[in-house]
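Containing PDB, C-alpha atoms: protein_5.pdb.
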MODEL        1
ATOM      1  CA  MET A  26     143.924  99.115 151.835
ATOM      2  CA  ASN A  27     143.112 102.800 151.607
ATOM      3  CA  ARG A  28     144.199 105.595 153.882
ATOM      4  CA  PRO A  29     141.369 105.534 156.489
ATOM      5  CA  VAL A  30     141.839 101.785 157.009
ATOM      6  CA  LEU A  31     145.592 102.250 157.326
ATOM      7  CA  PHE A  32     145.036 105.055 159.828
ATOM      8  CA  LEU A  33     142.758 102.866 161.944
ATOM      9  CA  LEU A  34     145.121  99.877 161.839
ATOM     10  CA  LEU A  35     148.148 101.927 162.840
ATOM     11  CA  SER A  36     146.197 103.642 165.619
ATOM     12  CA  LEU A  37     145.078 100.272 166.948
ATOM     13  CA  PHE A  38     148.697  99.069 166.889
ATOM     14  CA  TRP A  39     149.798 102.108 168.850
ATOM     15  CA  MET A  40     146.964 101.757 171.365
ATOM     16  CA  LEU A  41     147.983  98.155 172.013
ATOM     17  CA  LEU A  42     151.607  99.186 172.481
ATOM     18  CA  THR A  43     150.749 101.870 175.061
ATOM     19  CA  TRP A  44     148.131  99.724 176.800
ATOM     20  CA  PRO A  45     147.173  99.633 179.663
ATOM     21  CA  PRO A  46     146.290 103.261 180.406
ATOM     22  CA  ASP A  47     147.724 104.484 183.713
ATOM     23  CA  LEU A  48     144.745 106.679 184.474
ATOM     24  CA  PRO A  49     144.427 109.031 186.286
ATOM     25  CA  ASP A  50     148.086 109.609 185.317
ATOM     26  CA  SER A  51     147.680 112.176 182.552
ATOM     27  CA  SER A  52     150.817 111.102 180.654
ATOM     28  CA  TYR A  53     148.767 108.393 178.927
ATOM     29  CA  LEU A  54     146.745 111.065 177.163
ATOM     30  CA  GLN A  55     150.013 112.609 175.963
ATOM     31  CA  ASP A  56     151.139 109.193 174.663
ATOM     32  CA  VAL A  57     147.948 108.742 172.700
ATOM     33  CA  GLY A  58     148.073 112.294 171.379
ATOM     34  CA  VAL A  59     151.649 111.967 170.136
ATOM     35  CA  GLY A  60     150.815 108.564 168.651
ATOM     36  CA  LEU A  61     147.836 109.864 166.714
ATOM     37  CA  VAL A  62     149.837 112.783 165.331
ATOM     38  CA  VAL A  63     152.614 110.451 164.139
ATOM     39  CA  VAL A  64     150.109 107.978 162.667
ATOM     40  CA  ALA A  65     148.409 110.829 160.795
ATOM     41  CA  LEU A  66     151.796 111.959 159.443
ATOM     42  CA  VAL A  67     152.725 108.440 158.324
ATOM     43  CA  THR A  68     149.367 107.933 156.618
ATOM     44  CA  TRP A  69     149.729 111.250 154.840
ATOM     45  CA  MET A  70     153.308 110.585 153.715
ATOM     46  CA  MET A  71     152.551 107.149 152.336
ATOM     47  CA  GLY A  72     152.868 107.728 148.613
ATOM     48  CA  ARG A  73     150.735 104.987 147.141
ATOM     49  CA  PRO A  74     148.333 103.094 149.409
ATOM     50  CA  ILE A  75     148.285  99.346 148.859
ATOM     51  CA  GLU A  76     145.376  98.451 146.588
ATOM     52  CA  THR A  77     143.386  95.434 147.699
ATOM     53  CA  PRO A  78     139.744  95.016 146.679
ATOM     54  CA  ALA A  79     137.701  95.463 149.850
ATOM     55  CA  ARG A  80     135.483  92.395 149.476
ATOM     56  CA  ARG A  81     138.538  90.124 149.811
ATOM     57  CA  TRP A  82     138.867  91.160 153.421
ATOM     58  CA  LEU A  83     135.455  89.659 154.139
ATOM     59  CA  GLU A  84     136.141  86.095 152.995
ATOM     60  CA  PRO A  85     136.872  83.981 156.099
ATOM     61  CA  LYS A  86     138.751  81.223 154.287
ATOM     62  CA  ARG A  87     141.550  83.673 153.450
ATOM     63  CA  TYR A  88     142.186  84.146 157.166
ATOM     64  CA  GLY A  89     142.254  80.372 157.630
ATOM     65  CA  TRP A  90     144.947  80.047 154.970
ATOM     66  CA  MET A  91     146.802  82.937 156.582
ATOM     67  CA  ILE A  92     147.029  81.056 159.878
ATOM     68  CA  VAL A  93     148.130  77.829 158.146
ATOM     69  CA  TYR A  94     150.712  79.837 156.213
ATOM     70  CA  LEU A  95     152.078  81.373 159.436
ATOM     71  CA  PHE A  96     152.895  77.890 160.758
ATOM     72  CA  VAL A  97     154.386  76.696 157.458
ATOM     73  CA  LEU A  98     156.474  79.853 157.268
ATOM     74  CA  SER A  99     157.692  79.479 160.870
ATOM     75  CA  ALA A 100     158.907  75.952 160.112
ATOM     76  CA  TYR A 101     160.807  77.215 157.059
ATOM     77  CA  VAL A 102     162.273  80.123 159.033
ATOM     78  CA  VAL A 103     163.758  77.756 161.621
ATOM     79  CA  LYS A 104     165.092  75.487 158.851
ATOM     80  CA  ALA A 105     166.568  78.523 157.080
ATOM     81  CA  ASN A 106     168.399  79.562 160.191
ATOM     82  CA  LEU A 107     169.859  76.139 160.846
ATOM     83  CA  GLU A 108     171.031  76.039 157.226
ATOM     84  CA  VAL A 109     172.703  79.460 157.356
ATOM     85  CA  ALA A 110     174.173  78.716 160.792
ATOM     86  CA  TYR A 111     175.665  75.496 159.346
ATOM     87  CA  ARG A 112     177.330  77.455 156.539
ATOM     88  CA  VAL A 113     178.578  80.066 158.986
ATOM     89  CA  PHE A 114     180.227  77.606 161.365
ATOM     90  CA  HIS A 115     181.532  75.156 158.726
ATOM     91  CA  PRO A 116     185.322  75.715 158.412
ATOM     92  CA  ALA A 117     185.259  75.546 154.593
ATOM     93  CA  MET A 118     182.172  77.802 154.320
ATOM     94  CA  PRO A 119     180.317  75.830 151.613
ATOM     95  CA  ILE A 120     178.521  78.528 149.632
ATOM     96  CA  ARG A 121     177.691  78.875 145.919
ATOM     97  CA  PRO A 122     176.032  82.297 145.780
ATOM     98  CA  GLY A 123     174.486  84.144 142.846
ATOM     99  CA  ILE A 124     171.477  86.133 141.700
ATOM    100  CA  LEU A 125     168.766  84.269 139.806
ATOM    101  CA  LYS A 126     165.767  85.563 137.904
ATOM    102  CA  VAL A 127     162.455  83.787 138.498
ATOM    103  CA  LYS A 128     158.901  84.552 137.486
ATOM    104  CA  THR A 129     155.818  84.442 139.694
ATOM    105  CA  ARG A 130     152.227  84.279 138.535
ATOM    106  CA  LEU A 131     151.126  86.546 141.411
ATOM    107  CA  ARG A 132     149.979  89.945 140.160
ATOM    108  CA  LEU A 133     148.695  91.870 143.198
ATOM    109  CA  PRO A 134     151.380  94.140 144.706
ATOM    110  CA  ALA A 135     150.411  93.023 148.229
ATOM    111  CA  ALA A 136     150.814  89.356 147.281
ATOM    112  CA  GLN A 137     154.174  90.035 145.616
ATOM    113  CA  THR A 138     155.341  91.886 148.724
ATOM    114  CA  VAL A 139     154.439  89.004 151.012
ATOM    115  CA  LEU A 140     156.096  86.538 148.635
ATOM    116  CA  GLY A 141     159.263  88.661 148.554
ATOM    117  CA  ASN A 142     159.386  88.916 152.339
ATOM    118  CA  SER A 143     158.805  85.167 152.698
ATOM    119  CA  ILE A 144     161.695  84.487 150.316
ATOM    120  CA  THR A 145     163.972  86.727 152.345
ATOM    121  CA  LEU A 146     163.080  84.969 155.592
ATOM    122  CA  THR A 147     163.640  81.427 154.359
ATOM    123  CA  PRO A 148     166.342  78.943 153.359
ATOM    124  CA  GLY A 149     169.329  80.712 151.841
ATOM    125  CA  THR A 150     167.380  83.125 149.680
ATOM    126  CA  LEU A 151     167.091  86.920 149.646
ATOM    127  CA  SER A 152     164.846  88.869 147.303
ATOM    128  CA  VAL A 153     166.883  91.610 145.626
ATOM    129  CA  ASP A 154     164.206  93.079 143.376
ATOM    130  CA  VAL A 155     160.518  92.578 142.636
ATOM    131  CA  ARG A 156     159.146  93.902 139.343
ATOM    132  CA  GLU A 157     155.527  94.642 138.612
ATOM    133  CA  ASP A 158     155.338  92.086 135.799
ATOM    134  CA  GLY A 159     156.115  89.341 138.318
ATOM    135  CA  GLU A 160     159.857  89.000 137.804
ATOM    136  CA  LEU A 161     161.837  88.445 140.965
ATOM    137  CA  MET A 162     165.586  88.757 141.364
ATOM    138  CA  VAL A 163     166.591  86.369 144.111
ATOM    139  CA  HIS A 164     170.000  86.025 145.729
ATOM    140  CA  TRP A 165     170.552  82.358 146.528
ATOM    141  CA  ILE A 166     173.352  81.428 148.904
ATOM    142  CA  ASN A 167     173.770  77.886 147.588
ATOM    143  CA  ILE A 168     172.630  77.514 143.994
ATOM    144  CA  ARG A 169     171.524  73.980 143.265
ATOM    145  CA  THR A 170     170.281  74.451 139.719
ATOM    146  CA  LEU A 171     170.579  77.037 136.954
ATOM    147  CA  GLU A 172     167.623  75.701 134.993
ATOM    148  CA  GLU A 173     164.852  78.304 135.185
ATOM    149  CA  GLU A 174     161.813  76.121 135.808
ATOM    150  CA  GLU A 175     163.509  74.016 138.429
ATOM    151  CA  ALA A 176     164.871  77.107 140.169
ATOM    152  CA  THR A 177     161.431  78.708 140.150
ATOM    153  CA  ARG A 178     159.937  75.611 141.681
ATOM    154  CA  GLN A 179     162.560  75.355 144.411
ATOM    155  CA  LEU A 180     162.621  79.069 145.229
ATOM    156  CA  ILE A 181     158.998  80.178 145.207
ATOM    157  CA  GLY A 182     156.898  77.077 144.579
ATOM    158  CA  ARG A 183     156.464  76.329 148.248
ATOM    159  CA  PHE A 184     155.053  79.793 149.037
ATOM    160  CA  GLU A 185     153.278  80.843 145.860
ATOM    161  CA  TRP A 186     150.493  78.332 146.429
ATOM    162  CA  PHE A 187     149.666  79.715 149.875
ATOM    163  CA  VAL A 188     150.050  83.396 149.016
ATOM    164  CA  GLU A 189     147.781  82.904 146.019
ATOM    165  CA  ARG A 190     145.055  81.508 148.253
ATOM    166  CA  ILE A 191     145.415  84.307 150.778
ATOM    167  CA  PHE A 192     145.497  87.297 148.445
ATOM    168  CA  GLU A 193     144.457  86.555 144.878
TER     169      GLU A 193
ATOM    170  CA  MET B  16     154.633  81.802 183.322
ATOM    171  CA  ASN B  17     157.564  79.401 183.204
ATOM    172  CA  ASN B  18     161.137  80.492 183.797
ATOM    173  CA  GLU B  19     162.897  77.376 182.492
ATOM    174  CA  ILE B  20     161.138  77.267 179.127
ATOM    175  CA  GLY B  21     161.792  80.984 178.717
ATOM    176  CA  LEU B  22     165.495  80.581 179.451
ATOM    177  CA  VAL B  23     165.852  77.728 176.954
ATOM    178  CA  ILE B  24     164.154  79.786 174.234
ATOM    179  CA  ILE B  25     166.337  82.810 174.993
ATOM    180  CA  ALA B  26     169.453  80.605 174.861
ATOM    181  CA  ALA B  27     168.410  79.328 171.411
ATOM    182  CA  GLY B  28     167.849  82.928 170.337
ATOM    183  CA  LEU B  29     171.330  83.879 171.505
ATOM    184  CA  PHE B  30     172.824  80.991 169.514
ATOM    185  CA  PHE B  31     171.220  82.279 166.310
ATOM    186  CA  GLU B  32     172.302  85.839 167.093
ATOM    187  CA  LEU B  33     175.875  84.586 167.460
ATOM    188  CA  ALA B  34     175.634  82.680 164.167
ATOM    189  CA  GLY B  35     174.355  85.838 162.487
ATOM    190  CA  CYS B  36     177.184  87.970 163.829
ATOM    191  CA  ILE B  37     179.892  85.473 162.859
ATOM    192  CA  GLY B  38     178.269  85.186 159.443
ATOM    193  CA  MET B  39     178.454  88.950 158.994
ATOM    194  CA  VAL B  40     182.228  88.725 159.496
ATOM    195  CA  ARG B  41     182.929  85.515 157.589
ATOM    196  CA  PHE B  42     180.765  85.812 154.493
ATOM    197  CA  PRO B  43     182.477  87.391 151.476
ATOM    198  CA  ASP B  44     180.129  90.032 150.043
ATOM    199  CA  VAL B  45     177.275  92.334 150.963
ATOM    200  CA  TYR B  46     174.532  89.981 149.718
ATOM    201  CA  ASN B  47     175.731  86.953 151.676
ATOM    202  CA  ARG B  48     176.217  89.129 154.738
ATOM    203  CA  LEU B  49     172.650  90.351 154.430
ATOM    204  CA  GLN B  50     171.531  86.723 154.367
ATOM    205  CA  ALA B  51     173.249  86.048 157.676
ATOM    206  CA  GLY B  52     172.220  89.419 159.060
ATOM    207  CA  THR B  53     168.530  89.140 158.314
ATOM    208  CA  LYS B  54     167.738  85.497 158.855
ATOM    209  CA  CYS B  55     169.663  84.710 161.998
ATOM    210  CA  VAL B  56     169.101  88.045 163.660
ATOM    211  CA  THR B  57     165.364  88.020 162.897
ATOM    212  CA  LEU B  58     164.869  84.598 164.413
ATOM    213  CA  GLY B  59     167.258  85.430 167.273
ATOM    214  CA  VAL B  60     165.341  88.538 168.275
ATOM    215  CA  CYS B  61     161.992  86.761 167.861
ATOM    216  CA  LEU B  62     163.125  83.908 170.111
ATOM    217  CA  ILE B  63     164.441  86.292 172.757
ATOM    218  CA  LEU B  64     161.104  88.150 172.749
ATOM    219  CA  LEU B  65     159.256  84.820 172.905
ATOM    220  CA  GLY B  66     161.414  83.840 175.872
ATOM    221  CA  THR B  67     160.513  87.069 177.667
ATOM    222  CA  LEU B  68     156.879  86.307 176.925
ATOM    223  CA  PHE B  69     157.254  82.975 178.723
ATOM    224  CA  MET B  70     159.187  84.397 181.671
ATOM    225  CA  THR B  71     156.806  87.164 182.620
ATOM    226  CA  ASP B  72     153.306  87.035 184.041
ATOM    227  CA  THR B  73     152.162  90.522 183.121
ATOM    228  CA  LEU B  74     149.715  90.496 180.227
ATOM    229  CA  PRO B  75     150.583  93.975 178.863
ATOM    230  CA  LEU B  76     154.245  92.958 178.675
ATOM    231  CA  GLN B  77     153.427  89.702 176.875
ATOM    232  CA  LEU B  78     151.203  91.536 174.438
ATOM    233  CA  LYS B  79     153.994  93.983 173.675
ATOM    234  CA  ALA B  80     156.456  91.148 173.092
ATOM    235  CA  LEU B  81     154.022  89.570 170.614
ATOM    236  CA  LEU B  82     153.482  92.862 168.804
ATOM    237  CA  CYS B  83     157.242  93.378 168.534
ATOM    238  CA  ILE B  84     157.634  89.901 166.986
ATOM    239  CA  VAL B  85     155.043  90.731 164.326
ATOM    240  CA  PHE B  86     156.677  94.079 163.693
ATOM    241  CA  ILE B  87     160.159  92.561 163.303
ATOM    242  CA  LEU B  88     158.866  89.828 160.980
ATOM    243  CA  ILE B  89     157.491  92.522 158.676
ATOM    244  CA  THR B  90     160.250  95.142 158.821
ATOM    245  CA  SER B  91     163.411  93.050 158.880
ATOM    246  CA  PRO B  92     163.013  91.333 155.470
ATOM    247  CA  THR B  93     161.793  94.605 153.954
ATOM    248  CA  ALA B  94     164.906  96.423 155.145
ATOM    249  CA  ALA B  95     167.163  93.639 153.840
ATOM    250  CA  HIS B  96     165.401  93.765 150.483
ATOM    251  CA  ALA B  97     165.867  97.535 150.275
ATOM    252  CA  LEU B  98     169.574  97.242 151.117
ATOM    253  CA  ALA B  99     170.192  94.402 148.651
ATOM    254  CA  ARG B 100     168.351  96.203 145.872
ATOM    255  CA  ALA B 101     170.163  99.484 146.530
ATOM    256  CA  ALA B 102     173.497  97.674 146.526
ATOM    257  CA  ARG B 103     172.807  95.848 143.271
ATOM    258  CA  VAL B 104     171.328  98.850 141.453
ATOM    259  CA  SER B 105     174.276 101.042 142.425
ATOM    260  CA  GLY B 106     176.604  98.367 141.052
ATOM    261  CA  VAL B 107     178.127  96.573 144.035
ATOM    262  CA  LYS B 108     179.875  93.509 142.596
ATOM    263  CA  LEU B 109     179.089  89.983 143.685
ATOM    264  CA  TRP B 110     181.806  87.894 145.272
ATOM    265  CA  ASP B 111     184.306  86.331 142.795
ATOM    266  CA  GLY B 112     183.135  82.826 143.676
ATOM    267  CA  SER B 113     179.563  83.591 142.710
ATOM    268  CA  VAL B 114     178.030  81.245 140.183
ATOM    269  CA  VAL B 115     175.634  83.444 138.243
ATOM    270  CA  ASP B 116     174.197  86.951 138.088
ATOM    271  CA  GLN B 117     170.978  87.248 136.129
ATOM    272  CA  PHE B 118     170.083  90.675 137.477
ATOM    273  CA  GLU B 119     168.770  93.006 134.775
ATOM    274  CA  LYS B 120     168.408  96.734 135.092
ATOM    275  CA  GLU B 121     164.930  98.076 134.531
TER     276      GLU B 121
ENDMDL
END

Rewritten as structure tokens:
Amino acid sequence: MNRPVLFLLLSLFWMLLTWPPDLPDSSYLQDVGVGLVVVALVTWMMGRPIETPARRWLEPKRYGWMIVYLFVLSAYVVKANLEVAYRVFHPAMPIRPGILKVKTRLRLPAAQTVLGNSITLTPGTLSVDVREDGELMVHWINIRTLEEEEATRQLIGRFEWFVERIFE
Amino acid sequence: MNNEIGLVIIAAGLFFELAGCIGMVRFPDVYNRLQAGTKCVTLGVCLILLGTLFMTDTLPLQLKALLCIVFILITSPTAAHALARAARVSGVKLWDGSVVDQFEKE
């Protein structure tokens, strides 16, 4: 995603937020003006635009997977919350926390970002660091296994498959 | 649209918000607190916004609620990640009862 695309996306977001226009009330024009200035500033300040090959945005099946993934993720988010809420309200507070290192086969920065955010939103896990070579440091609130392959499978296996189909 | 459905969703959201807040107090270290803080509060806020979406009939308002949900789903885990990473890199210790720490400095 290069800078012009980012600029357009952010502008669209801002337009939707300030919609509908209260014309002839002139304050709407001020809103849009301020918004465009801020969007321009943000686009300019962004150090390294996210690199995604443009043709990938044109393949419809990626959007299909994205919608499926949204539902899968929502289910996991609700489950995650019930799990954390259980640990919060349980008198003995049954937690076994720690930071684990797992490896992902995803290579695109955008895919790694989405994977990291998904981990943070779901059952008892929080991504602490994501390295470019695909190593993730994950804080797990209730460690079930210390064995690397099993931990990898339990932590990221359920998302990697989807994210790979959306981005890679 | 429908007041009752909206109220039920908002009540569920409030429950998760409460769980998140109690978790922030009860959990032992910064990483566990972030877990409670991000997960429960993200879902709590999303449910409250969803409830507002159900309770109102104005399309612009519903659209804004939806946009805010998307925005929170993107920013909240990113912020938690930044906080956790900053804490670990600057050497904040894990809780004594922690099982393992495989974090490696770059």

Produce a table with one row for each residue of chain A that has an atom at most 7 Å from any atom of chain B, each row naming the nearest atom pair and its distance in Å at one decimal; use all atoms listed in the file; arrange rows by chain and rising residue number; format as a Markdown table.
| residue | atom | partner | partner_atom | distance |
| --- | --- | --- | --- | --- |
| A:Leu42 | CA | B:Lys79 | CA | 5.8 |
| A:Trp44 | CA | B:Pro75 | CA | 6.6 |
| A:Pro45 | CA | B:Pro75 | CA | 6.7 |
| A:Asn106 | CA | B:Cys55 | CA | 5.6 |
| A:Val109 | CA | B:Ala51 | CA | 6.6 |
| A:Ala110 | CA | B:Ala34 | CA | 5.4 |
| A:Val113 | CA | B:Gly38 | CA | 5.1 |
| A:Arg121 | CA | B:Ser113 | CA | 6.0 |
| A:Pro122 | CA | B:Ser113 | CA | 4.9 |
| A:Gly123 | CA | B:Val115 | CA | 4.8 |
| A:Ile124 | CA | B:Asp116 | CA | 4.6 |
| A:Leu125 | CA | B:Gln117 | CA | 5.2 |
| A:Lys126 | CA | B:Gln117 | CA | 5.8 |
| A:Asn142 | CA | B:Pro92 | CA | 5.4 |
| A:Thr145 | CA | B:Pro92 | CA | 5.6 |
| A:Leu146 | CA | B:Lys54 | CA | 5.7 |
| A:Gly149 | CA | B:Gln50 | CA | 6.9 |
| A:Leu151 | CA | B:Gln50 | CA | 6.5 |
| A:Ser152 | CA | B:His96 | CA | 5.9 |
| A:Val153 | CA | B:Arg100 | CA | 4.8 |
| A:Asp154 | CA | B:Arg100 | CA | 5.8 |
| A:Met162 | CA | B:Phe118 | CA | 6.2 |
| A:Ile166 | CA | B:Asn47 | CA | 6.6 |

Selected residues written out with C-alpha atoms, as an mmCIF file, in the coordinates of the input:
data_model
loop_
_atom_site.group_PDB
_atom_site.id
_atom_site.type_symbol
_atom_site.label_atom_id
_atom_site.label_comp_id
_atom_site.auth_asym_id
_atom_site.auth_seq_id
_atom_site.Cartn_x
_atom_site.Cartn_y
_atom_site.Cartn_z
ATOM 1 C CA LEU A 42 151.607 99.186 172.481
ATOM 2 C CA TRP A 44 148.131 99.724 176.800
ATOM 3 C CA PRO A 45 147.173 99.633 179.663
ATOM 4 C CA ASN A 106 168.399 79.562 160.191
ATOM 5 C CA VAL A 109 172.703 79.460 157.356
ATOM 6 C CA ALA A 110 174.173 78.716 160.792
ATOM 7 C CA VAL A 113 178.578 80.066 158.986
ATOM 8 C CA ARG A 121 177.691 78.875 145.919
ATOM 9 C CA PRO A 122 176.032 82.297 145.780
ATOM 10 C CA GLY A 123 174.486 84.144 142.846
ATOM 11 C CA ILE A 124 171.477 86.133 141.700
ATOM 12 C CA LEU A 125 168.766 84.269 139.806
ATOM 13 C CA LYS A 126 165.767 85.563 137.904
ATOM 14 C CA ASN A 142 159.386 88.916 152.339
ATOM 15 C CA THR A 145 163.972 86.727 152.345
ATOM 16 C CA LEU A 146 163.080 84.969 155.592
ATOM 17 C CA GLY A 149 169.329 80.712 151.841
ATOM 18 C CA LEU A 151 167.091 86.920 149.646
ATOM 19 C CA SER A 152 164.846 88.869 147.303
ATOM 20 C CA VAL A 153 166.883 91.610 145.626
ATOM 21 C CA ASP A 154 164.206 93.079 143.376
ATOM 22 C CA MET A 162 165.586 88.757 141.364
ATOM 23 C CA ILE A 166 173.352 81.428 148.904
#

Run the PyMOL selection byres ((chain A and resi 57) around 10) against the file shown and list the residues it catches, as a VMD selection string. chain A and resid 36 39 to 40 43 to 44 46 52 to 56 58 to 63

Please list as a ChimeraX atom specification every residue within 8 Å of Gly66 of chain B, counting all atoms listed in the file and excluding residues in the same chain fewer than 5 positions away. /B:20-25

Write a file of the just-selected residues containing C-alpha atoms, as a PDB file, in the frame of the given file.
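File produced: selection-v6.pdb:
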ATOM      1  CA  ILE B  20     161.138  77.267 179.127  1.00  0.00           C
ATOM      2  CA  GLY B  21     161.792  80.984 178.717  1.00  0.00           C
ATOM      3  CA  LEU B  22     165.495  80.581 179.451  1.00  0.00           C
ATOM      4  CA  VAL B  23     165.852  77.728 176.954  1.00  0.00           C
ATOM      5  CA  ILE B  24     164.154  79.786 174.234  1.00  0.00           C
ATOM      6  CA  ILE B  25     166.337  82.810 174.993  1.00  0.00           C
TER       7      ILE B  25
END

Taking all listed atoms of segment 90-99 of chain A, build the axis-aligned box, pad each of the six sides by 4 Å, then write its centre and edge lengths in Å to one decimal as JSON.
{"center_x": 151.3, "center_y": 79.8, "center_z": 157.9, "size_x": 20.7, "size_y": 14.2, "size_z": 13.9}

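On the file presented, the PyMOL selection byres ((chain A and resi 177) around 12) picks out Leu125, Lys126, Val127, Lys128, Thr129, Arg130, Ile144, Glu160, Leu161, Met162, Val163, Trp165, Ile168, Arg169, Thr170, Leu171, Glu172, Glu173, Glu174, Glu175, Ala176, Arg178, Gln179, Leu180, Ile181, Gly182, Arg183, Phe184 and Glu185 of chain A.
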
If you count only C-alpha atoms, which residues fall within 12 Å of Val93 of chain A, apart from same-chain ones fewer than 5 positions away, as a list of chain:residue names? A:Lys86, A:Arg87, A:Tyr88, A:Leu98, A:Ser99, A:Ala100, A:Phe184, A:Trp186, A:Phe187, A:Val188, A:Arg190, A:Ile191

Gap from atom CA of Leu37 of chain A to atom CA of Thr68 of chain A - Å, one decimal: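 That distance, rounded to one decimal, is 13.6 Å.
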
To one decimal place in Å, what is the distance between atom CA of Met70 of chain B and atom CA of Phe96 of chain A? 22.8 Å

Figure out the distance between atom CA of Leu140 of chain A and atom CA of Phe192 of chain A, please, to one decimal in Å.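 Those two atoms sit 10.6 Å apart.
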